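Peer 1: This one is data.cif, mmCIF, C-alpha atoms.
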data_query
#
loop_
_atom_site.group_PDB
_atom_site.id
_atom_site.type_symbol
_atom_site.label_atom_id
_atom_site.label_comp_id
_atom_site.auth_asym_id
_atom_site.auth_seq_id
_atom_site.Cartn_x
_atom_site.Cartn_y
_atom_site.Cartn_z
ATOM 1 C CA MET S 1 -32.506 31.218 1.487
ATOM 2 C CA PRO S 2 -35.399 32.102 -0.866
ATOM 3 C CA PHE S 3 -37.703 34.900 0.274
ATOM 4 C CA ALA S 4 -40.654 32.516 -0.203
ATOM 5 C CA ILE S 5 -40.918 29.821 2.466
ATOM 6 C CA ALA S 6 -41.949 26.347 1.333
ATOM 7 C CA CYS S 7 -42.428 22.992 3.020
ATOM 8 C CA GLY S 8 -41.444 20.843 0.048
ATOM 9 C CA GLU S 9 -44.208 18.322 0.704
ATOM 10 C CA CYS S 10 -47.601 19.850 -0.111
ATOM 11 C CA TYR S 11 -49.364 19.644 -3.482
ATOM 12 C CA TYR S 12 -48.072 23.026 -4.637
ATOM 13 C CA CYS S 13 -44.452 22.377 -3.667
ATOM 14 C CA GLN S 14 -44.600 19.034 -5.436
ATOM 15 C CA GLN S 15 -45.817 20.860 -8.558
ATOM 16 C CA GLY S 16 -42.897 23.307 -8.368
ATOM 17 C CA LEU S 17 -45.213 26.151 -7.282
ATOM 18 C CA TRP S 18 -43.120 26.922 -4.230
ATOM 19 C CA SER S 19 -44.535 30.379 -3.443
ATOM 20 C CA LEU S 20 -48.016 28.867 -3.152
ATOM 21 C CA CYS S 21 -47.044 26.433 -0.371
ATOM 22 C CA ASP S 22 -49.967 25.335 1.802
ATOM 23 C CA ASN S 23 -48.016 24.795 5.019
ATOM 24 C CA SER S 24 -45.607 27.705 5.566
ATOM 25 C CA ASN S 25 -48.016 30.537 6.411
ATOM 26 C CA PRO S 26 -49.103 30.445 10.067
ATOM 27 C CA ASN S 27 -51.612 33.245 9.356
ATOM 28 C CA ALA S 28 -53.337 31.368 6.532
ATOM 29 C CA ALA S 29 -56.805 31.883 8.025
ATOM 30 C CA ALA S 30 -56.440 35.672 8.001
ATOM 31 C CA ALA S 31 -55.107 35.599 4.444
ATOM 32 C CA GLU S 32 -57.992 33.434 3.293
ATOM 33 C CA GLU S 33 -60.475 35.821 4.899
ATOM 34 C CA MET S 34 -59.003 38.760 2.982
ATOM 35 C CA TYR S 35 -57.960 37.177 -0.322
ATOM 36 C CA GLY S 36 -59.975 33.978 -0.479
ATOM 37 C CA TYR S 37 -56.757 31.934 -0.540
ATOM 38 C CA SER S 38 -53.571 31.528 1.467
ATOM 39 C CA PRO S 39 -50.184 32.252 -0.106
ATOM 40 C CA SER S 40 -46.947 30.841 1.275
ATOM 41 C CA GLY S 41 -45.083 32.528 4.079
ATOM 42 C CA LEU S 42 -42.602 35.192 2.981
ATOM 43 C CA PHE S 43 -39.581 36.612 4.771
ATOM 44 C CA GLY S 44 -39.885 40.313 5.595
ATOM 45 C CA TYR S 45 -43.464 40.692 4.373
ATOM 46 C CA SER S 46 -46.770 41.521 6.053
ATOM 47 C CA HIS S 47 -48.552 39.527 8.743
ATOM 48 C CA LEU S 48 -50.846 38.056 6.073
ATOM 49 C CA PHE S 49 -47.792 36.279 4.687
ATOM 50 C CA GLY S 50 -46.693 34.908 8.038
ATOM 51 C CA GLY S 51 -45.116 37.937 9.695
ATOM 52 C CA TYR S 52 -41.637 36.431 9.451
ATOM 53 C CA ALA S 53 -38.640 38.647 10.194
ATOM 54 C CA GLY S 54 -36.672 39.437 7.058
ATOM 55 C CA GLY S 55 -33.001 39.433 6.179
ATOM 56 C CA GLN S 56 -32.326 42.738 7.931
ATOM 57 C CA ALA S 57 -33.574 41.496 11.297
ATOM 58 C CA GLU S 58 -30.985 40.799 13.975
ATOM 59 C CA TYR S 59 -31.904 37.129 13.708
ATOM 60 C CA ALA S 60 -34.004 35.305 11.139
ATOM 61 C CA ARG S 61 -35.676 31.976 11.860
ATOM 62 C CA VAL S 62 -35.763 29.660 8.842
ATOM 63 C CA PRO S 63 -38.787 27.337 8.806
ATOM 64 C CA PHE S 64 -38.387 24.201 6.688
ATOM 65 C CA SER S 65 -34.651 24.874 6.511
ATOM 66 C CA ASN S 66 -34.091 21.395 5.068
ATOM 67 C CA VAL S 67 -35.918 22.679 1.978
ATOM 68 C CA GLY S 68 -35.094 26.385 1.909
ATOM 69 C CA CYS S 69 -31.335 26.506 2.480
ATOM 70 C CA PHE S 70 -29.149 26.413 -0.622
ATOM 71 C CA LYS S 71 -25.387 26.005 -0.330
ATOM 72 C CA VAL S 72 -23.436 28.626 -2.255
ATOM 73 C CA PRO S 73 -20.576 27.159 -4.297
ATOM 74 C CA ASP S 74 -17.217 28.047 -2.785
ATOM 75 C CA GLU S 75 -15.911 29.778 -5.901
ATOM 76 C CA LEU S 76 -18.703 32.346 -6.003
ATOM 77 C CA SER S 77 -18.693 35.556 -3.963
ATOM 78 C CA ASP S 78 -21.451 36.875 -1.732
ATOM 79 C CA GLU S 79 -22.143 39.698 -4.171
ATOM 80 C CA GLN S 80 -22.554 37.264 -7.053
ATOM 81 C CA THR S 81 -25.066 35.113 -5.179
ATOM 82 C CA VAL S 82 -27.009 37.312 -2.727
ATOM 83 C CA PHE S 83 -29.569 38.222 -5.386
ATOM 84 C CA LEU S 84 -30.454 34.563 -5.939
ATOM 85 C CA THR S 85 -32.727 34.917 -2.913
ATOM 86 C CA ASP S 86 -35.109 37.293 -4.682
ATOM 87 C CA ILE S 87 -34.538 39.751 -7.525
ATOM 88 C CA PHE S 88 -32.567 37.591 -9.966
ATOM 89 C CA PRO S 89 -35.103 34.708 -9.915
ATOM 90 C CA THR S 90 -37.942 37.250 -10.019
ATOM 91 C CA GLY S 91 -36.567 38.888 -13.147
ATOM 92 C CA TYR S 92 -35.793 35.508 -14.684
ATOM 93 C CA MET S 93 -39.259 34.078 -13.986
ATOM 94 C CA ALA S 94 -40.774 37.259 -15.456
ATOM 95 C CA ALA S 95 -38.849 36.631 -18.668
ATOM 96 C CA GLU S 96 -39.550 32.885 -18.637
ATOM 97 C CA ASN S 97 -43.278 33.608 -18.316
ATOM 98 C CA CYS S 98 -43.040 35.495 -21.630
ATOM 99 C CA ASN S 99 -42.571 32.245 -23.569
ATOM 100 C CA ILE S 100 -39.802 33.918 -25.549
ATOM 101 C CA GLN S 101 -39.167 32.581 -29.033
ATOM 102 C CA PRO S 102 -36.106 33.309 -31.203
ATOM 103 C CA GLY S 103 -36.416 36.755 -32.726
ATOM 104 C CA ASP S 104 -38.913 38.067 -30.168
ATOM 105 C CA THR S 105 -39.089 41.656 -28.950
ATOM 106 C CA VAL S 106 -39.812 42.121 -25.252
ATOM 107 C CA ALA S 107 -40.801 45.438 -23.655
ATOM 108 C CA VAL S 108 -40.080 45.973 -19.948
ATOM 109 C CA TRP S 109 -41.836 48.635 -17.886
ATOM 110 C CA GLY S 110 -39.525 49.895 -15.161
ATOM 111 C CA CYS S 111 -35.741 49.770 -14.913
ATOM 112 C CA GLY S 112 -35.358 49.051 -11.223
ATOM 113 C CA PRO S 113 -33.348 46.082 -9.905
ATOM 114 C CA VAL S 114 -35.905 43.383 -10.830
ATOM 115 C CA ALA S 115 -36.351 44.871 -14.293
ATOM 116 C CA GLN S 116 -32.581 44.943 -14.847
ATOM 117 C CA PHE S 117 -32.530 41.185 -14.277
ATOM 118 C CA ALA S 118 -35.614 40.721 -16.446
ATOM 119 C CA ILE S 119 -33.830 42.512 -19.303
ATOM 120 C CA ARG S 120 -30.746 40.322 -19.095
ATOM 121 C CA SER S 121 -32.824 37.195 -18.519
ATOM 122 C CA ALA S 122 -34.846 37.897 -21.659
ATOM 123 C CA TYR S 123 -31.615 37.847 -23.640
ATOM 124 C CA LEU S 124 -30.486 34.661 -21.852
ATOM 125 C CA LEU S 125 -33.752 33.066 -22.988
ATOM 126 C CA GLY S 126 -33.319 34.057 -26.623
ATOM 127 C CA ALA S 127 -34.958 37.452 -27.121
ATOM 128 C CA GLU S 128 -33.613 39.396 -30.083
ATOM 129 C CA ARG S 129 -34.551 42.812 -28.741
ATOM 130 C CA VAL S 130 -35.521 44.295 -25.382
ATOM 131 C CA ILE S 131 -37.051 47.757 -24.981
ATOM 132 C CA ALA S 132 -36.928 49.234 -21.467
ATOM 133 C CA ILE S 133 -39.171 52.033 -20.196
ATOM 134 C CA ASP S 134 -38.452 54.370 -17.277
ATOM 135 C CA ARG S 135 -37.787 58.023 -16.487
ATOM 136 C CA VAL S 136 -34.689 57.855 -14.251
ATOM 137 C CA PRO S 137 -31.499 58.490 -16.294
ATOM 138 C CA GLU S 138 -29.176 56.153 -14.372
ATOM 139 C CA ARG S 139 -31.681 53.294 -14.555
ATOM 140 C CA LEU S 140 -32.112 53.810 -18.286
ATOM 141 C CA GLU S 141 -28.329 53.849 -18.673
ATOM 142 C CA MET S 142 -27.961 50.537 -16.796
ATOM 143 C CA ALA S 143 -30.629 49.054 -19.070
ATOM 144 C CA ARG S 144 -28.683 50.256 -22.116
ATOM 145 C CA LEU S 145 -25.540 48.635 -20.729
ATOM 146 C CA GLY S 146 -27.568 45.408 -20.551
ATOM 147 C CA GLY S 147 -28.339 45.642 -24.260
ATOM 148 C CA ALA S 148 -31.791 47.236 -24.151
ATOM 149 C CA ASP S 149 -33.185 50.043 -26.252
ATOM 150 C CA THR S 150 -34.716 52.612 -23.913
ATOM 151 C CA LEU S 151 -37.707 54.945 -23.744
ATOM 152 C CA ASP S 152 -38.230 57.818 -21.305
ATOM 153 C CA TYR S 153 -41.980 57.754 -20.740
ATOM 154 C CA THR S 154 -42.021 61.438 -19.762
ATOM 155 C CA GLN S 155 -40.882 62.396 -23.264
ATOM 156 C CA ILE S 156 -43.097 60.273 -25.522
ATOM 157 C CA ASP S 157 -46.330 58.320 -25.751
ATOM 158 C CA VAL S 158 -45.076 54.854 -24.804
ATOM 159 C CA VAL S 159 -47.724 52.827 -26.659
ATOM 160 C CA ASP S 160 -47.295 54.807 -29.882
ATOM 161 C CA ALA S 161 -43.501 54.596 -29.639
ATOM 162 C CA LEU S 162 -43.542 50.829 -29.141
ATOM 163 C CA ARG S 163 -45.814 50.303 -32.120
ATOM 164 C CA GLU S 164 -43.539 52.434 -34.269
ATOM 165 C CA MET S 165 -40.469 50.490 -33.078
ATOM 166 C CA THR S 166 -42.126 47.155 -33.933
ATOM 167 C CA GLY S 167 -43.524 47.927 -37.359
ATOM 168 C CA GLY S 168 -47.002 48.692 -36.020
ATOM 169 C CA ARG S 169 -47.475 45.257 -34.442
ATOM 170 C CA GLY S 170 -46.346 45.766 -30.847
ATOM 171 C CA PRO S 171 -43.907 43.772 -28.692
ATOM 172 C CA ASP S 172 -44.284 39.986 -28.650
ATOM 173 C CA ALA S 173 -44.269 40.039 -24.853
ATOM 174 C CA VAL S 174 -44.379 42.717 -22.192
ATOM 175 C CA ILE S 175 -43.201 42.763 -18.580
ATOM 176 C CA ASP S 176 -44.706 45.005 -15.894
ATOM 177 C CA ALA S 177 -41.838 45.235 -13.414
ATOM 178 C CA VAL S 178 -43.328 48.311 -11.726
ATOM 179 C CA GLY S 179 -46.468 47.194 -9.932
ATOM 180 C CA MET S 180 -48.774 49.099 -7.652
ATOM 181 C CA GLU S 181 -46.748 52.309 -7.219
ATOM 182 C CA ALA S 182 -46.465 53.325 -10.869
ATOM 183 C CA HIS S 183 -46.395 57.006 -11.794
ATOM 184 C CA GLY S 184 -46.961 57.253 -15.547
ATOM 185 C CA THR S 185 -48.309 60.408 -17.136
ATOM 186 C CA GLU S 186 -49.575 63.218 -14.930
ATOM 187 C CA LEU S 187 -53.183 62.490 -15.967
ATOM 188 C CA ASP S 188 -52.906 58.789 -15.096
ATOM 189 C CA TYR S 189 -51.123 59.568 -11.852
ATOM 190 C CA TRP S 190 -53.812 61.930 -10.605
ATOM 191 C CA TYR S 191 -56.631 59.656 -11.777
ATOM 192 C CA ASP S 192 -55.200 56.824 -9.695
ATOM 193 C CA ARG S 193 -54.510 59.015 -6.680
ATOM 194 C CA ILE S 194 -58.119 60.243 -6.707
ATOM 195 C CA ALA S 195 -59.408 56.676 -7.222
ATOM 196 C CA GLN S 196 -57.374 55.608 -4.193
ATOM 197 C CA GLN S 197 -58.761 58.423 -2.075
ATOM 198 C CA ILE S 198 -62.368 57.466 -2.809
ATOM 199 C CA ARG S 199 -61.509 53.763 -2.424
ATOM 200 C CA LEU S 200 -62.139 52.691 -5.992
ATOM 201 C CA GLU S 201 -58.704 51.088 -5.956
ATOM 202 C CA THR S 202 -55.689 50.480 -3.757
ATOM 203 C CA ASP S 203 -52.958 50.325 -6.416
ATOM 204 C CA ARG S 204 -51.819 52.454 -9.370
ATOM 205 C CA PRO S 205 -51.776 50.230 -12.505
ATOM 206 C CA THR S 206 -50.496 52.779 -15.048
ATOM 207 C CA ALA S 207 -47.714 50.498 -16.300
ATOM 208 C CA LEU S 208 -50.039 47.504 -16.554
ATOM 209 C CA ARG S 209 -52.564 49.470 -18.600
ATOM 210 C CA GLN S 210 -49.869 50.537 -21.047
ATOM 211 C CA ALA S 211 -48.429 47.036 -21.237
ATOM 212 C CA ILE S 212 -51.799 45.538 -22.185
ATOM 213 C CA GLN S 213 -52.412 48.274 -24.751
ATOM 214 C CA ALA S 214 -48.962 47.879 -26.317
ATOM 215 C CA CYS S 215 -48.623 44.080 -26.487
ATOM 216 C CA ARG S 216 -49.250 42.529 -29.889
ATOM 217 C CA LYS S 217 -52.229 40.295 -30.569
ATOM 218 C CA GLY S 218 -51.665 36.817 -29.167
ATOM 219 C CA GLY S 219 -48.766 38.064 -27.032
ATOM 220 C CA THR S 220 -47.939 37.569 -23.364
ATOM 221 C CA VAL S 221 -48.179 39.952 -20.423
ATOM 222 C CA SER S 222 -45.851 39.008 -17.560
ATOM 223 C CA ILE S 223 -46.333 40.707 -14.190
ATOM 224 C CA PRO S 224 -43.540 40.425 -11.605
ATOM 225 C CA GLY S 225 -44.443 43.876 -10.228
ATOM 226 C CA VAL S 226 -46.367 43.483 -6.974
ATOM 227 C CA TYR S 227 -50.039 44.399 -6.708
ATOM 228 C CA GLY S 228 -51.641 44.382 -3.283
ATOM 229 C CA GLY S 229 -55.366 44.834 -3.727
ATOM 230 C CA PHE S 230 -57.801 46.331 -6.231
ATOM 231 C CA ILE S 231 -57.191 48.277 -9.442
ATOM 232 C CA ASP S 232 -59.489 50.350 -11.602
ATOM 233 C CA LYS S 233 -59.756 51.226 -15.295
ATOM 234 C CA LEU S 234 -58.022 48.049 -16.473
ATOM 235 C CA PRO S 235 -58.446 47.439 -20.247
ATOM 236 C CA ILE S 236 -59.604 43.852 -19.839
ATOM 237 C CA GLY S 237 -61.595 44.095 -23.079
ATOM 238 C CA ALA S 238 -58.404 44.834 -24.993
ATOM 239 C CA ALA S 239 -56.677 41.901 -23.305
ATOM 240 C CA PHE S 240 -59.561 39.593 -24.199
ATOM 241 C CA ASN S 241 -59.971 40.706 -27.806
ATOM 242 C CA LYS S 242 -56.229 40.592 -28.443
ATOM 243 C CA GLY S 243 -56.068 37.051 -27.075
ATOM 244 C CA LEU S 244 -53.368 37.908 -24.543
ATOM 245 C CA THR S 245 -51.891 35.445 -22.087
ATOM 246 C CA ILE S 246 -51.354 36.998 -18.649
ATOM 247 C CA LYS S 247 -48.933 35.346 -16.204
ATOM 248 C CA MET S 248 -48.036 36.625 -12.753
ATOM 249 C CA GLY S 249 -47.327 35.722 -9.159
ATOM 250 C CA GLN S 250 -44.761 35.574 -6.397
ATOM 251 C CA THR S 251 -41.540 33.959 -7.579
ATOM 252 C CA HIS S 252 -40.960 30.219 -7.152
ATOM 253 C CA VAL S 253 -37.383 30.915 -6.069
ATOM 254 C CA HIS S 254 -36.497 27.321 -5.138
ATOM 255 C CA LYS S 255 -37.059 26.293 -8.765
ATOM 256 C CA TYR S 256 -34.418 28.681 -10.063
ATOM 257 C CA LEU S 257 -31.578 28.428 -7.545
ATOM 258 C CA ALA S 258 -29.630 25.674 -9.297
ATOM 259 C CA PRO S 259 -30.036 26.789 -12.930
ATOM 260 C CA LEU S 260 -29.279 30.444 -12.165
ATOM 261 C CA THR S 261 -26.248 29.463 -10.114
ATOM 262 C CA GLN S 262 -25.042 27.578 -13.175
ATOM 263 C CA HIS S 263 -25.503 30.694 -15.314
ATOM 264 C CA ILE S 264 -23.277 32.566 -12.853
ATOM 265 C CA GLN S 265 -20.662 29.806 -12.694
ATOM 266 C CA GLU S 266 -20.488 29.652 -16.484
ATOM 267 C CA ARG S 267 -20.126 33.447 -16.647
ATOM 268 C CA ARG S 268 -23.225 34.119 -18.695
ATOM 269 C CA ILE S 269 -24.166 36.748 -16.112
ATOM 270 C CA ASP S 270 -22.573 38.397 -13.074
ATOM 271 C CA PRO S 271 -25.457 39.612 -10.873
ATOM 272 C CA SER S 272 -23.229 42.094 -9.037
ATOM 273 C CA PHE S 273 -23.601 44.456 -12.015
ATOM 274 C CA VAL S 274 -26.717 45.910 -10.352
ATOM 275 C CA ILE S 275 -24.918 47.130 -7.201
ATOM 276 C CA THR S 276 -24.414 50.893 -7.067
ATOM 277 C CA HIS S 277 -23.776 51.407 -3.334
ATOM 278 C CA ARG S 278 -21.950 49.433 -0.633
ATOM 279 C CA VAL S 279 -22.376 50.837 2.875
ATOM 280 C CA PRO S 280 -22.173 49.768 6.525
ATOM 281 C CA LEU S 281 -25.353 48.434 8.090
ATOM 282 C CA SER S 282 -25.507 51.541 10.295
ATOM 283 C CA GLN S 283 -26.265 53.648 7.204
ATOM 284 C CA ALA S 284 -29.335 51.614 6.228
ATOM 285 C CA PRO S 285 -31.944 54.259 7.226
ATOM 286 C CA GLU S 286 -30.103 56.917 5.236
ATOM 287 C CA MET S 287 -29.767 54.660 2.197
ATOM 288 C CA TYR S 288 -33.473 53.788 2.257
ATOM 289 C CA LYS S 289 -34.154 57.510 1.821
ATOM 290 C CA THR S 290 -31.534 57.779 -0.916
ATOM 291 C CA PHE S 291 -33.108 54.873 -2.789
ATOM 292 C CA ARG S 292 -36.655 56.162 -2.262
ATOM 293 C CA ASP S 293 -35.771 59.622 -3.554
ATOM 294 C CA LYS S 294 -33.629 58.223 -6.410
ATOM 295 C CA ARG S 295 -30.618 60.307 -5.407
ATOM 296 C CA ASP S 296 -26.921 59.725 -6.034
ATOM 297 C CA GLY S 297 -27.571 57.291 -8.904
ATOM 298 C CA CYS S 298 -28.853 54.731 -6.401
ATOM 299 C CA ILE S 299 -30.256 51.524 -7.913
ATOM 300 C CA LYS S 300 -29.202 48.717 -5.554
ATOM 301 C CA VAL S 301 -27.609 48.916 -2.122
ATOM 302 C CA ILE S 302 -25.523 46.259 -0.373
ATOM 303 C CA LEU S 303 -25.371 46.549 3.426
ATOM 304 C CA LYS S 304 -22.185 45.151 4.942
ATOM 305 C CA PRO S 305 -22.300 44.588 8.708
ATOM 306 C CA ASP S 306 -18.522 44.091 8.881
ATOM 307 C CA MET S 307 -17.552 47.330 7.119
ATOM 308 C CA ALA S 308 -15.689 49.902 9.155
ATOM 309 C CA VAL S 309 -17.905 52.894 9.996
#
Can you give me the file's structure in the form of structure tokens?

Peer 2:
Amino acid sequence: MPFAIACGECYYCQQGLWSLCDNSNPNAAAAEEMYGYSPSGLFGYSHLFGGYAGGQAEYARVPFSNVGCFKVPDELSDEQTVFLTDIFPTGYMAAENCNIQPGDTVAVWGCGPVAQFAIRSAYLLGAERVIAIDRVPERLEMARLGGADTLDYTQIDVVDALREMTGGRGPDAVIDAVGMEAHGTELDYWYDRIAQQIRLETDRPTALRQAIQACRKGGTVSIPGVYGGFIDKLPIGAAFNKGLTIKMGQTHVHKYLAPLTQHIQERRIDPSFVITHRVPLSQAPEMYKTFRDKRDGCIKVILKPDMAV
């Protein structure tokens, strides 16, 4: 079941823009008051997106189940298919939004679970080179195993390094898979924290700033990383003068279920590569802390209710 809830009948669903569904958010009025528009309902998200219980609730109600339920082929395992509900389509759509052409170089900010799928999806879509940026050793190592060149942003100036690696031109497309909780350099981090405190912004767009600065002229900026409100100090002039295309949004998961399942069936990718921990459901609170603190090489956790404790 996709994390975005869609009716299948409204204008947006008919256009394949499933995460913009007009009919699945019962709190649309509140969302429109805050954002000026109503997104679709989302499982496990805030009340502005419907307040639906998520996949770790004791029970989950599935609105429009005739549209949202996708039957898993018998020959595929749970671990191969569970990420079709969210992070695999999100990474794939991020790469698809890059309009990748043969020979392209794509830079990816962040090496978390979504970014790991964005890296592999970029190669599935024909990229010649992917450069991944993070600071956590095990995440950088997983990106390398996926074929990416890697940069530790705590050791170098990311924008300068990317220009040097691309002959001074910059990547053809860039992906911000970090979003509103980016760290970046110490100076950027403290600027954003202070800006948040005095209510100039709600999010920390360090990765997005770097992505816009690094992308080549006429390139594409893809943003699967979530932003929740307002950001400050965005180099919009650079984006304008470089003629950048910027594409973003919640993932239209329904659109990707069948083609990504085919990729798995034909063994072009096994999504279970991203799993680093398998634990009983009773250990969920502990594993949230482990993931948050980036301990024990934790990148992606699978909770198994039927595991012996």

Peer 1: So which residues touch Gln262 of chain S within 12 Å, counting all atoms listed in the file, skipping near sequence neighbours fewer than 4 positions away, as a PyMOL selection string?

Peer 2: chain S and resi 72-73+75-76+80-81+84+256-258+266-270

Peer 1: Can you write just those residues out, C-alpha atoms, as a short mmCIF file (atom, residue, chain, number, x, y, z; two decimals), in the frame of the given file?

Peer 2:
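That gives us again_11.cif:
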data_model
loop_
_atom_site.label_atom_id
_atom_site.label_comp_id
_atom_site.auth_asym_id
_atom_site.auth_seq_id
_atom_site.Cartn_x
_atom_site.Cartn_y
_atom_site.Cartn_z
CA VAL S 72 -23.44 28.63 -2.26
CA PRO S 73 -20.58 27.16 -4.30
CA GLU S 75 -15.91 29.78 -5.90
CA LEU S 76 -18.70 32.35 -6.00
CA GLN S 80 -22.55 37.26 -7.05
CA THR S 81 -25.07 35.11 -5.18
CA LEU S 84 -30.45 34.56 -5.94
CA TYR S 256 -34.42 28.68 -10.06
CA LEU S 257 -31.58 28.43 -7.54
CA ALA S 258 -29.63 25.67 -9.30
CA GLU S 266 -20.49 29.65 -16.48
CA ARG S 267 -20.13 33.45 -16.65
CA ARG S 268 -23.22 34.12 -18.70
CA ILE S 269 -24.17 36.75 -16.11
CA ASP S 270 -22.57 38.40 -13.07
#

Peer 1: Starting from the shown file, work through the PyMOL selection byres ((chain S and resi 39) around 9) and note down what comes out as a PyMOL selection string.

Peer 2: chain S and resi 19-22+24-25+28+31-32+37-38+40-42+48-49+250

Peer 1: Around the point (-32.4, 33.2, -21.4) in the file's coordinates, collect all residues with an atom within 10 Å, using all atoms listed in the file, and return them as a list of chain:residue names.

Peer 2: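 All residues meeting the 10 Å criterion around (-32.4, 33.2, -21.4) are S:Tyr92, S:Ala95, S:Glu96, S:Ile100, S:Ala118, S:Ile119, S:Arg120, S:Ser121, S:Ala122, S:Tyr123, S:Leu124, S:Leu125, S:Gly126, S:Ala127, S:His263, S:Arg268.
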
Peer 1: Ile5 of chain S: which residues within 12 Å, counting only C-alpha atoms, same-chain residues fewer than 3 positions away excluded, as a PyMOL selection string?

Peer 2: chain S and resi 1-2+8+13+17-26+39-45+49-54+61-69+85-86+250-254

Peer 1: Could the residues in this selection be saved with C-alpha atoms as a PDB file, in the frame of the given file?

Peer 2:
ATOM      1  CA  MET S   1     -32.506  31.218   1.487  1.00  0.00           C
ATOM      2  CA  PRO S   2     -35.399  32.102  -0.866  1.00  0.00           C
ATOM      3  CA  GLY S   8     -41.444  20.843   0.048  1.00  0.00           C
ATOM      4  CA  CYS S  13     -44.452  22.377  -3.667  1.00  0.00           C
ATOM      5  CA  LEU S  17     -45.213  26.151  -7.282  1.00  0.00           C
ATOM      6  CA  TRP S  18     -43.120  26.922  -4.230  1.00  0.00           C
ATOM      7  CA  SER S  19     -44.535  30.379  -3.443  1.00  0.00           C
ATOM      8  CA  LEU S  20     -48.016  28.867  -3.152  1.00  0.00           C
ATOM      9  CA  CYS S  21     -47.044  26.433  -0.371  1.00  0.00           C
ATOM     10  CA  ASP S  22     -49.967  25.335   1.802  1.00  0.00           C
ATOM     11  CA  ASN S  23     -48.016  24.795   5.019  1.00  0.00           C
ATOM     12  CA  SER S  24     -45.607  27.705   5.566  1.00  0.00           C
ATOM     13  CA  ASN S  25     -48.016  30.537   6.411  1.00  0.00           C
ATOM     14  CA  PRO S  26     -49.103  30.445  10.067  1.00  0.00           C
ATOM     15  CA  PRO S  39     -50.184  32.252  -0.106  1.00  0.00           C
ATOM     16  CA  SER S  40     -46.947  30.841   1.275  1.00  0.00           C
ATOM     17  CA  GLY S  41     -45.083  32.528   4.079  1.00  0.00           C
ATOM     18  CA  LEU S  42     -42.602  35.192   2.981  1.00  0.00           C
ATOM     19  CA  PHE S  43     -39.581  36.612   4.771  1.00  0.00           C
ATOM     20  CA  GLY S  44     -39.885  40.313   5.595  1.00  0.00           C
ATOM     21  CA  TYR S  45     -43.464  40.692   4.373  1.00  0.00           C
ATOM     22  CA  PHE S  49     -47.792  36.279   4.687  1.00  0.00           C
ATOM     23  CA  GLY S  50     -46.693  34.908   8.038  1.00  0.00           C
ATOM     24  CA  GLY S  51     -45.116  37.937   9.695  1.00  0.00           C
ATOM     25  CA  TYR S  52     -41.637  36.431   9.451  1.00  0.00           C
ATOM     26  CA  ALA S  53     -38.640  38.647  10.194  1.00  0.00           C
ATOM     27  CA  GLY S  54     -36.672  39.437   7.058  1.00  0.00           C
ATOM     28  CA  ARG S  61     -35.676  31.976  11.860  1.00  0.00           C
ATOM     29  CA  VAL S  62     -35.763  29.660   8.842  1.00  0.00           C
ATOM     30  CA  PRO S  63     -38.787  27.337   8.806  1.00  0.00           C
ATOM     31  CA  PHE S  64     -38.387  24.201   6.688  1.00  0.00           C
ATOM     32  CA  SER S  65     -34.651  24.874   6.511  1.00  0.00           C
ATOM     33  CA  ASN S  66     -34.091  21.395   5.068  1.00  0.00           C
ATOM     34  CA  VAL S  67     -35.918  22.679   1.978  1.00  0.00           C
ATOM     35  CA  GLY S  68     -35.094  26.385   1.909  1.00  0.00           C
ATOM     36  CA  CYS S  69     -31.335  26.506   2.480  1.00  0.00           C
ATOM     37  CA  THR S  85     -32.727  34.917  -2.913  1.00  0.00           C
ATOM     38  CA  ASP S  86     -35.109  37.293  -4.682  1.00  0.00           C
ATOM     39  CA  GLN S 250     -44.761  35.574  -6.397  1.00  0.00           C
ATOM     40  CA  THR S 251     -41.540  33.959  -7.579  1.00  0.00           C
ATOM     41  CA  HIS S 252     -40.960  30.219  -7.152  1.00  0.00           C
ATOM     42  CA  VAL S 253     -37.383  30.915  -6.069  1.00  0.00           C
ATOM     43  CA  HIS S 254     -36.497  27.321  -5.138  1.00  0.00           C
TER      44      HIS S 254
END

Peer 1: In Å to one decimal, how far is atom CA of Ala173 of chain S from atom CA of Gln101 of chain S?

Peer 2: 10.0 Å

Peer 1: For the provided coordinates, the residues matched by the PyMOL selection byres ((chain S and resi 283-289) around 12) should be stated as number ranges by chain.

Peer 2: S: 56, 276-282, 290-305, 307-309

Peer 1: Please produce a file of the residues just selected, as a compact mmCIF listing (two decimals), keeping the file's coordinate frame, where the atoms kept are C-alpha atoms.

Peer 2:
# COMPACT_ATOMS: atom_id res chain seq x y z
CA GLN S 56 -32.33 42.74 7.93
CA THR S 276 -24.41 50.89 -7.07
CA HIS S 277 -23.78 51.41 -3.33
CA ARG S 278 -21.95 49.43 -0.63
CA VAL S 279 -22.38 50.84 2.88
CA PRO S 280 -22.17 49.77 6.52
CA LEU S 281 -25.35 48.43 8.09
CA SER S 282 -25.51 51.54 10.30
CA THR S 290 -31.53 57.78 -0.92
CA PHE S 291 -33.11 54.87 -2.79
CA ARG S 292 -36.66 56.16 -2.26
CA ASP S 293 -35.77 59.62 -3.55
CA LYS S 294 -33.63 58.22 -6.41
CA ARG S 295 -30.62 60.31 -5.41
CA ASP S 296 -26.92 59.72 -6.03
CA GLY S 297 -27.57 57.29 -8.90
CA CYS S 298 -28.85 54.73 -6.40
CA ILE S 299 -30.26 51.52 -7.91
CA LYS S 300 -29.20 48.72 -5.55
CA VAL S 301 -27.61 48.92 -2.12
CA ILE S 302 -25.52 46.26 -0.37
CA LEU S 303 -25.37 46.55 3.43
CA LYS S 304 -22.18 45.15 4.94
CA PRO S 305 -22.30 44.59 8.71
CA MET S 307 -17.55 47.33 7.12
CA ALA S 308 -15.69 49.90 9.15
CA VAL S 309 -17.90 52.89 10.00
